[in-house]
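Okay, work_5.txt is below, compact mmCIF, C-alpha atoms and all ligand atoms:
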# COMPACT_ATOMS: atom_id res chain seq x y z
CA MET A 22 19.30 -44.26 -45.85
CA LYS A 23 20.45 -47.36 -47.73
CA ARG A 24 23.00 -49.50 -45.89
CA GLY A 25 23.24 -52.79 -47.81
CA LEU A 26 24.70 -53.54 -51.22
CA LEU A 27 22.83 -54.26 -54.43
CA ILE A 28 24.67 -56.48 -56.88
CA THR A 29 23.09 -57.40 -60.20
CA PHE A 30 24.00 -60.09 -62.73
CA GLU A 31 23.22 -59.50 -66.38
CA GLY A 32 23.74 -60.79 -69.90
CA ILE A 33 22.05 -62.93 -72.54
CA ASP A 34 20.58 -66.39 -71.83
CA GLY A 35 23.13 -68.96 -70.87
CA CYS A 36 25.91 -66.43 -70.23
CA GLY A 37 26.42 -67.77 -66.69
CA LYS A 38 24.43 -65.47 -64.39
CA THR A 39 22.93 -68.20 -62.21
CA THR A 40 26.19 -70.17 -62.16
CA GLN A 41 28.20 -67.14 -61.03
CA ILE A 42 25.67 -66.14 -58.37
CA GLN A 43 25.99 -69.62 -56.88
CA GLU A 44 29.80 -69.38 -57.07
CA LEU A 45 29.73 -66.05 -55.24
CA ILE A 46 27.34 -67.32 -52.56
CA SER A 47 29.60 -70.34 -51.98
CA ARG A 48 32.47 -67.90 -51.29
CA PHE A 49 30.40 -65.94 -48.76
CA LYS A 50 30.78 -68.87 -46.30
CA ASP A 51 28.14 -67.48 -43.89
CA GLN A 52 30.15 -64.24 -43.56
CA PHE A 53 27.51 -62.11 -45.25
CA GLU A 54 23.77 -61.84 -44.93
CA TYR A 55 22.25 -61.88 -48.38
CA LEU A 56 18.98 -62.02 -50.28
CA LEU A 57 18.82 -63.68 -53.70
CA VAL A 58 16.09 -62.64 -56.11
CA ARG A 59 15.45 -63.20 -59.79
CA GLU A 60 13.73 -61.08 -62.39
CA PRO A 61 11.02 -61.22 -63.42
CA GLY A 62 9.71 -62.84 -60.24
CA GLY A 63 10.78 -63.04 -56.62
CA THR A 64 7.45 -62.37 -54.88
CA PRO A 65 4.00 -63.95 -55.44
CA ILE A 66 2.76 -60.99 -57.53
CA CYS A 67 6.00 -60.88 -59.52
CA GLU A 68 5.87 -64.62 -60.18
CA GLN A 69 2.37 -64.18 -61.65
CA ILE A 70 3.67 -61.44 -63.94
CA ARG A 71 6.57 -63.76 -64.89
CA GLN A 72 4.10 -66.42 -66.05
CA ILE A 73 2.45 -63.94 -68.42
CA LEU A 74 5.78 -62.70 -69.77
CA LEU A 75 7.36 -66.07 -70.48
CA ASP A 76 4.27 -67.98 -71.68
CA ASN A 77 4.74 -69.17 -75.27
CA ALA A 78 0.99 -68.71 -75.83
CA ASN A 79 1.40 -64.93 -75.44
CA ASN A 80 3.09 -64.28 -78.78
CA GLU A 81 0.64 -61.44 -79.47
CA MET A 82 2.27 -59.32 -76.79
CA PHE A 83 3.29 -55.85 -77.93
CA PRO A 84 6.72 -54.47 -76.99
CA ILE A 85 5.26 -51.75 -74.75
CA THR A 86 3.03 -54.25 -72.94
CA GLU A 87 6.15 -56.30 -72.31
CA LEU A 88 8.09 -53.26 -71.12
CA LEU A 89 5.35 -52.24 -68.68
CA LEU A 90 4.96 -55.75 -67.31
CA TYR A 91 8.68 -56.00 -66.59
CA SER A 92 8.61 -52.59 -64.95
CA ALA A 93 5.53 -53.50 -62.89
CA SER A 94 7.23 -56.65 -61.66
CA ARG A 95 10.41 -54.72 -60.83
CA HIS A 96 8.59 -52.05 -58.86
CA GLN A 97 6.82 -54.68 -56.78
CA LEU A 98 10.08 -56.54 -56.19
CA CYS A 99 11.92 -53.36 -55.14
CA ARG A 100 9.25 -52.24 -52.69
CA GLU A 101 8.47 -55.67 -51.32
CA ALA A 102 11.88 -57.29 -51.12
CA ILE A 103 14.94 -55.35 -52.30
CA LEU A 104 14.55 -52.04 -50.49
CA PRO A 105 13.59 -53.63 -47.12
CA ALA A 106 16.60 -56.00 -47.36
CA LEU A 107 18.97 -53.13 -48.19
CA LYS A 108 17.62 -51.19 -45.22
CA LYS A 109 18.53 -54.15 -43.01
CA GLY A 110 22.09 -53.99 -44.37
CA LYS A 111 21.85 -57.15 -46.47
CA ILE A 112 23.66 -57.88 -49.71
CA VAL A 113 21.00 -58.25 -52.38
CA LEU A 114 21.95 -60.44 -55.34
CA CYS A 115 19.69 -59.92 -58.32
CA ASP A 116 19.57 -62.39 -61.24
CA ARG A 117 18.75 -59.73 -63.89
CA PHE A 118 17.61 -56.18 -63.12
CA TYR A 119 16.88 -53.03 -65.11
CA ASP A 120 19.85 -53.36 -67.48
CA SER A 121 17.99 -56.31 -68.99
CA THR A 122 15.08 -53.99 -69.79
CA THR A 123 17.44 -51.54 -71.48
CA ALA A 124 19.09 -54.36 -73.44
CA TYR A 125 15.97 -56.35 -74.46
CA GLN A 126 13.19 -53.78 -74.75
CA GLY A 127 15.47 -50.85 -75.62
CA TYR A 128 18.29 -52.13 -77.85
CA GLY A 129 16.48 -55.37 -78.79
CA ARG A 130 12.92 -54.21 -79.50
CA GLY A 131 13.93 -50.66 -80.41
CA LEU A 132 11.84 -48.80 -77.81
CA ASP A 133 12.98 -45.29 -76.90
CA LEU A 134 16.05 -45.53 -74.67
CA GLU A 135 15.38 -42.26 -72.86
CA PHE A 136 11.85 -43.40 -72.00
CA ILE A 137 13.21 -46.70 -70.73
CA HIS A 138 15.77 -44.86 -68.64
CA GLN A 139 12.97 -42.84 -67.01
CA LEU A 140 10.82 -45.91 -66.49
CA ASN A 141 13.71 -47.81 -64.91
CA HIS A 142 14.16 -44.90 -62.53
CA TRP A 143 10.46 -44.87 -61.61
CA ALA A 144 10.18 -48.63 -61.23
CA THR A 145 13.12 -48.77 -58.81
CA ASP A 146 12.40 -45.57 -56.86
CA GLY A 147 15.74 -44.35 -58.20
CA LEU A 148 17.72 -47.32 -56.91
CA VAL A 149 20.98 -47.95 -58.80
CA PRO A 150 22.99 -51.17 -58.30
CA ASP A 151 26.27 -50.74 -56.42
CA MET A 152 27.82 -53.20 -58.81
CA THR A 153 26.69 -54.97 -61.96
CA PHE A 154 28.32 -57.90 -63.70
CA ILE A 155 27.61 -58.52 -67.36
CA PHE A 156 28.90 -61.81 -68.74
CA ASP A 157 29.68 -61.54 -72.41
CA ILE A 158 29.39 -64.65 -74.60
CA SER A 159 28.95 -65.18 -78.35
CA LEU A 160 25.60 -66.19 -79.80
CA THR A 161 27.14 -69.46 -80.95
CA GLU A 162 28.11 -70.21 -77.36
CA ARG A 163 24.58 -69.26 -76.26
CA GLU A 164 23.14 -71.79 -78.71
CA LYS A 165 25.53 -74.45 -77.45
CA ARG A 166 24.68 -73.84 -73.80
CA MET A 167 20.91 -73.64 -74.39
CA ARG A 168 20.77 -76.77 -76.56
CA GLY A 169 18.13 -79.23 -75.42
CA LYS A 170 16.50 -76.77 -73.00
CA PRO A 171 12.87 -75.89 -73.84
CA LYS A 172 12.74 -72.24 -74.92
CA ASP A 173 10.35 -69.70 -73.41
CA ARG A 174 8.75 -66.90 -75.44
CA LEU A 175 11.74 -64.56 -75.14
CA GLU A 176 14.49 -67.12 -75.60
CA ALA A 177 12.90 -68.30 -78.83
CA ASP A 178 13.32 -64.88 -80.44
CA GLU A 179 15.19 -64.60 -83.69
CA LEU A 180 18.93 -64.24 -84.18
CA ALA A 181 18.99 -60.56 -85.22
CA PHE A 182 17.11 -59.64 -82.05
CA GLN A 183 19.56 -61.62 -79.89
CA GLN A 184 22.45 -59.88 -81.66
CA ARG A 185 21.04 -56.44 -80.83
CA VAL A 186 20.54 -57.47 -77.20
CA CYS A 187 24.09 -58.78 -76.99
CA GLU A 188 25.47 -55.52 -78.43
CA GLY A 189 23.12 -53.60 -76.13
CA PHE A 190 24.68 -55.14 -73.04
CA ARG A 191 28.13 -54.13 -74.31
CA LYS A 192 26.93 -50.55 -74.85
CA ILE A 193 25.49 -50.41 -71.33
CA ALA A 194 28.87 -51.51 -69.95
CA ALA A 195 30.70 -48.91 -72.04
CA LYS A 196 28.39 -46.13 -70.81
CA GLU A 197 28.82 -46.86 -67.10
CA PRO A 198 32.25 -48.41 -66.58
CA GLN A 199 32.31 -47.52 -62.88
CA ARG A 200 29.22 -49.54 -62.04
CA VAL A 201 29.25 -52.20 -64.75
CA HIS A 202 31.91 -54.87 -65.01
CA LEU A 203 31.89 -56.53 -68.41
CA ILE A 204 33.44 -59.96 -68.02
CA ASP A 205 34.42 -62.38 -70.77
CA GLY A 206 31.89 -65.13 -70.11
CA MET A 207 33.70 -67.58 -72.41
CA GLN A 208 36.39 -68.17 -69.77
CA PRO A 209 36.18 -71.17 -67.42
CA VAL A 210 33.64 -70.88 -64.57
CA GLU A 211 36.40 -70.76 -61.91
CA VAL A 212 38.29 -67.93 -63.62
CA ILE A 213 35.14 -65.79 -63.90
CA ALA A 214 34.18 -66.61 -60.32
CA GLY A 215 37.61 -65.40 -59.18
CA GLU A 216 37.16 -62.12 -61.02
CA VAL A 217 33.71 -61.61 -59.52
CA TRP A 218 34.99 -62.43 -56.04
CA GLN A 219 37.92 -59.97 -56.33
CA THR A 220 35.61 -57.19 -57.49
CA PHE A 221 33.09 -57.97 -54.78
CA GLN A 222 35.75 -57.80 -52.07
CA THR A 223 36.99 -54.42 -53.30
CA ILE A 224 33.48 -52.95 -53.29
CA TRP A 225 32.75 -54.52 -49.90
CA ARG A 226 35.85 -52.95 -48.35
CA GLU A 227 34.92 -49.51 -49.73
CA HIS A 228 31.38 -49.98 -48.51
CA SER A 229 32.50 -51.00 -45.01
CA HIS A 230 34.80 -47.95 -44.75
CA ALA A 231 32.02 -45.63 -45.91
CA ASN A 232 29.61 -47.08 -43.32
CA GLN A 233 32.02 -46.71 -40.40
N1 LIG B 1 31.99 -70.15 -68.02
C1 LIG B 1 31.28 -71.18 -68.47
N2 LIG B 1 31.82 -72.02 -69.37
C2 LIG B 1 31.10 -73.07 -69.86
N3 LIG B 1 29.84 -73.35 -69.52
C3 LIG B 1 29.24 -72.52 -68.64
C4 LIG B 1 29.93 -71.40 -68.07
N4 LIG B 1 29.10 -70.78 -67.22
C5 LIG B 1 27.94 -71.46 -67.25
N5 LIG B 1 28.03 -72.51 -68.09
C6 LIG B 1 26.97 -73.48 -68.41
O1 LIG B 1 26.07 -72.85 -69.30
C7 LIG B 1 24.72 -73.16 -68.99
C8 LIG B 1 23.97 -71.86 -68.66
O2 LIG B 1 24.52 -71.27 -67.46
P1 LIG B 1 23.59 -70.45 -66.47
O3 LIG B 1 22.34 -71.19 -66.21
O4 LIG B 1 24.43 -70.06 -65.31
O5 LIG B 1 23.30 -69.17 -67.38
P2 LIG B 1 22.22 -68.03 -67.14
O6 LIG B 1 22.88 -66.78 -67.57
O7 LIG B 1 21.72 -68.10 -65.75
O8 LIG B 1 21.09 -68.45 -68.17
P3 LIG B 1 19.53 -68.02 -68.19
O9 LIG B 1 19.49 -66.60 -68.69
O10 LIG B 1 18.94 -68.98 -69.16
O11 LIG B 1 19.01 -68.17 -66.79
C9 LIG B 1 24.78 -74.13 -67.80
O12 LIG B 1 24.70 -75.44 -68.30
C10 LIG B 1 26.14 -73.86 -67.19
O13 LIG B 1 26.66 -74.99 -66.54
MG MG B 2 19.76 -68.24 -64.97

Could you render the structure as structure tokens?
Ligand SMILES: Nc1ncnc2c1ncn2[C@@H]1O[C@H](COP(=O)(O)OP(=O)(O)OP(=O)(O)O)[C@@H](O)[C@H]1O
Ligand SMILES: [Mg+2]
Amino acid sequence: MKRGLLITFEGIDGCGKTTQIQELISRFKDQFEYLLVREPGGTPICEQIRQILLDNANNEMFPITELLLYSASRHQLCREAILPALKKGKIVLCDRFYDSTTAYQGYGRGLDLEFIHQLNHWATDGLVPDMTFIFDISLTEREKRMRGKPKDRLEADELAFQQRVCEGFRKIAAKEPQRVHLIDGMQPVEVIAGEVWQTFQTIWREHSHANQ
């Protein structure tokens, strides 16, 4: 029986995932036990898979190879880190999770969405985040925020692909409004952090009541 909370942070590059995770953690003030993980990566095996996925030399990679590597990394991360932490009652904060697969490999690369849905289910042993934040920014803003940073294989992808991914995240949010909170990522960091904190507190209260 799961006792902790799984919170995932999603959206295109530079939308503010890492920034908002740090903002949330700073508001925890030692009140909550948490585990922070990032995808792909988070364990030694997952970090090795990450190297393959992001390496600019691997531009021959086929979309299905990419999909399976992400799913392999996710399965390992779930079994090795996320599920054990949830069992201990921890709050697990995940910098990207399966919605990124749906957005990038599904909406972006055009792989079958139903197949991806099944694969996401398999890779996570059926685990669904208690709460997901998607930060929505324009592609122009993405460019601005990424300027000067060296681009990995996925970040370097062309504009039309990034547009489909961006739209994909919005569709995911529209499909599951209970779980997914679509937040305007163009707002100031503090304003977004306040929204995330409010939502977190609401879910935490519900969770605490349910566990009593
Ligand atoms: N709301 C915001 N307004 C303006 N700038 C922001 C905002 N949030 C984050 N930034 C800036 O944008 C850049 C990218 O933010 P961050 O690293 O948090 O994004 P990310 O979603 O984690 O990106 P990646 O997918 O590349 O890991 C950073 O320089 C950060 O300071
Ligand atoms: Mg980040």

Selected residue, from A:Arg163, A:Phe118, A:Arg100, A:Ile46, that lies nearest to Glu176 in chain A when counting all atoms listed in the file: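 Of A:Arg163, A:Phe118, A:Arg100, A:Ile46, the one nearest Glu176 in chain A, counting all atoms listed in the file, is A:Arg163.
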
Within-8 Å residues of ligand MG 2 (chain B), basis all atoms listed in the file, as a list in words: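 Here is the list of contacting residues: Asp34, Gly35, Gly37, Lys38, Thr39, Thr40 and Asp116 of chain A.
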
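Across A:Gln41, A:Gln183, A:Thr161, A:Thr86, the tightest approach to ligand LIG 1 (chain B) is made by A:Gln41 when counting all atoms listed in the file.
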
Sorted by chain and rising residue number, which residues of chain A lie within 10 Å of ligand LIG 1 (chain B), and what are their closest atom pairs and distances in Å to one decimal, counting all atoms listed in the file, as JSON lines?
{"residue": "A:Phe30", "atom": "CA", "partner": "B:LIG1", "partner_atom": "O6", "distance": 8.3}
{"residue": "A:Glu31", "atom": "CA", "partner": "B:LIG1", "partner_atom": "O6", "distance": 7.4}
{"residue": "A:Gly32", "atom": "CA", "partner": "B:LIG1", "partner_atom": "O6", "distance": 6.5}
{"residue": "A:Ile33", "atom": "CA", "partner": "B:LIG1", "partner_atom": "O9", "distance": 5.9}
{"residue": "A:Asp34", "atom": "CA", "partner": "B:LIG1", "partner_atom": "O9", "distance": 3.3}
{"residue": "A:Gly35", "atom": "CA", "partner": "B:LIG1", "partner_atom": "O8", "distance": 3.4}
{"residue": "A:Cys36", "atom": "CA", "partner": "B:LIG1", "partner_atom": "O6", "distance": 4.0}
{"residue": "A:Gly37", "atom": "CA", "partner": "B:LIG1", "partner_atom": "O4", "distance": 3.3}
{"residue": "A:Lys38", "atom": "CA", "partner": "B:LIG1", "partner_atom": "O6", "distance": 3.8}
{"residue": "A:Thr39", "atom": "CA", "partner": "B:LIG1", "partner_atom": "O7", "distance": 3.7}
{"residue": "A:Thr40", "atom": "CA", "partner": "B:LIG1", "partner_atom": "O4", "distance": 3.6}
{"residue": "A:Gln41", "atom": "CA", "partner": "B:LIG1", "partner_atom": "O4", "distance": 6.4}
{"residue": "A:Ile42", "atom": "CA", "partner": "B:LIG1", "partner_atom": "O4", "distance": 8.1}
{"residue": "A:Gln43", "atom": "CA", "partner": "B:LIG1", "partner_atom": "O4", "distance": 8.6}
{"residue": "A:Glu44", "atom": "CA", "partner": "B:LIG1", "partner_atom": "O4", "distance": 9.9}
{"residue": "A:Arg59", "atom": "CA", "partner": "B:LIG1", "partner_atom": "O11", "distance": 9.3}
{"residue": "A:Glu60", "atom": "CA", "partner": "B:LIG1", "partner_atom": "O11", "distance": 9.9}
{"residue": "A:Asp116", "atom": "CA", "partner": "B:LIG1", "partner_atom": "O7", "distance": 7.6}
{"residue": "A:Arg117", "atom": "CA", "partner": "B:LIG1", "partner_atom": "O9", "distance": 8.4}
{"residue": "A:Ile155", "atom": "CA", "partner": "B:LIG1", "partner_atom": "O6", "distance": 9.5}
{"residue": "A:Phe156", "atom": "CA", "partner": "B:LIG1", "partner_atom": "O6", "distance": 7.9}
{"residue": "A:Asp157", "atom": "CA", "partner": "B:LIG1", "partner_atom": "O6", "distance": 9.9}
{"residue": "A:Ile158", "atom": "CA", "partner": "B:LIG1", "partner_atom": "N1", "distance": 9.0}
{"residue": "A:Glu162", "atom": "CA", "partner": "B:LIG1", "partner_atom": "C2", "distance": 8.6}
{"residue": "A:Arg163", "atom": "CA", "partner": "B:LIG1", "partner_atom": "O1", "distance": 8.0}
{"residue": "A:Glu164", "atom": "CA", "partner": "B:LIG1", "partner_atom": "O1", "distance": 9.9}
{"residue": "A:Lys165", "atom": "CA", "partner": "B:LIG1", "partner_atom": "O1", "distance": 8.3}
{"residue": "A:Arg166", "atom": "CA", "partner": "B:LIG1", "partner_atom": "O1", "distance": 4.8}
{"residue": "A:Met167", "atom": "CA", "partner": "B:LIG1", "partner_atom": "C7", "distance": 6.6}
{"residue": "A:Arg168", "atom": "CA", "partner": "B:LIG1", "partner_atom": "O12", "distance": 9.2}
{"residue": "A:Lys170", "atom": "CA", "partner": "B:LIG1", "partner_atom": "O10", "distance": 9.0}
{"residue": "A:Lys172", "atom": "CA", "partner": "B:LIG1", "partner_atom": "O10", "distance": 9.1}
{"residue": "A:Asp173", "atom": "CA", "partner": "B:LIG1", "partner_atom": "O10", "distance": 9.6}
{"residue": "A:Glu176", "atom": "CA", "partner": "B:LIG1", "partner_atom": "O10", "distance": 8.0}
{"residue": "A:Asp205", "atom": "CA", "partner": "B:LIG1", "partner_atom": "N1", "distance": 8.6}
{"residue": "A:Gly206", "atom": "CA", "partner": "B:LIG1", "partner_atom": "N1", "distance": 5.4}
{"residue": "A:Met207", "atom": "CA", "partner": "B:LIG1", "partner_atom": "N1", "distance": 5.4}
{"residue": "A:Gln208", "atom": "CA", "partner": "B:LIG1", "partner_atom": "N1", "distance": 5.1}
{"residue": "A:Pro209", "atom": "CA", "partner": "B:LIG1", "partner_atom": "N1", "distance": 4.4}
{"residue": "A:Val210", "atom": "CA", "partner": "B:LIG1", "partner_atom": "N1", "distance": 3.9}
{"residue": "A:Glu211", "atom": "CA", "partner": "B:LIG1", "partner_atom": "N1", "distance": 7.6}
{"residue": "A:Val212", "atom": "CA", "partner": "B:LIG1", "partner_atom": "N1", "distance": 8.0}
{"residue": "A:Ile213", "atom": "CA", "partner": "B:LIG1", "partner_atom": "N1", "distance": 6.8}
{"residue": "A:Ala214", "atom": "CA", "partner": "B:LIG1", "partner_atom": "N1", "distance": 8.8}

Given only C-alpha atoms as the counted atoms, nearest of A:Phe221, A:Tyr128, A:Phe154, A:Trp143 to Gly189 in chain A: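 For Gly189 in chain A, the nearest of the given residues is A:Tyr128.
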
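Every polymer residue reaching to within 9 Å of (20.4, -60.4, -50.6), counting only C-alpha atoms, appears in this list: A:Gly25, A:Leu26, A:Leu27, A:Ile28, A:Glu54, A:Tyr55, A:Leu56, A:Leu57, A:Val58, A:Ile103, A:Ala106, A:Leu107, A:Lys111, A:Ile112, A:Val113, A:Leu114, A:Cys115.
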
Pick from A:Leu88, A:Cys99, A:Ile224, A:Leu160, whichever lies nearest to Gln199 in chain A using all atoms listed in the file: A:Ile224

Once 3 Å is added on each side, what centre and edge lengths in Å to one decimal does the axis-aligned box around all listed atoms of range 168-174 of chain A have, as AutoDock Vina command-line options?
--center_x 14.8 --center_y -73.1 --center_z -74.8 --size_x 18.0 --size_y 18.3 --size_z 9.6

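With CA of Ser92 in chain A on one side and CA of His202 in chain A on the other, the separation reads 23.4 Å.
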
Counting only C-alpha atoms, the residue of A:Gln139, A:Ser229, A:Thr123, A:Thr153 that sits nearest Cys187 in chain A: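 The closest residue to Cys187 in chain A is A:Thr123.
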
Atom pair CA of Arg95 in chain A / CA of Gly63 in chain A: separation (Å):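 CA of Gly63 in chain A lies at a distance of 9.3 Å from CA of Arg95 in chain A.
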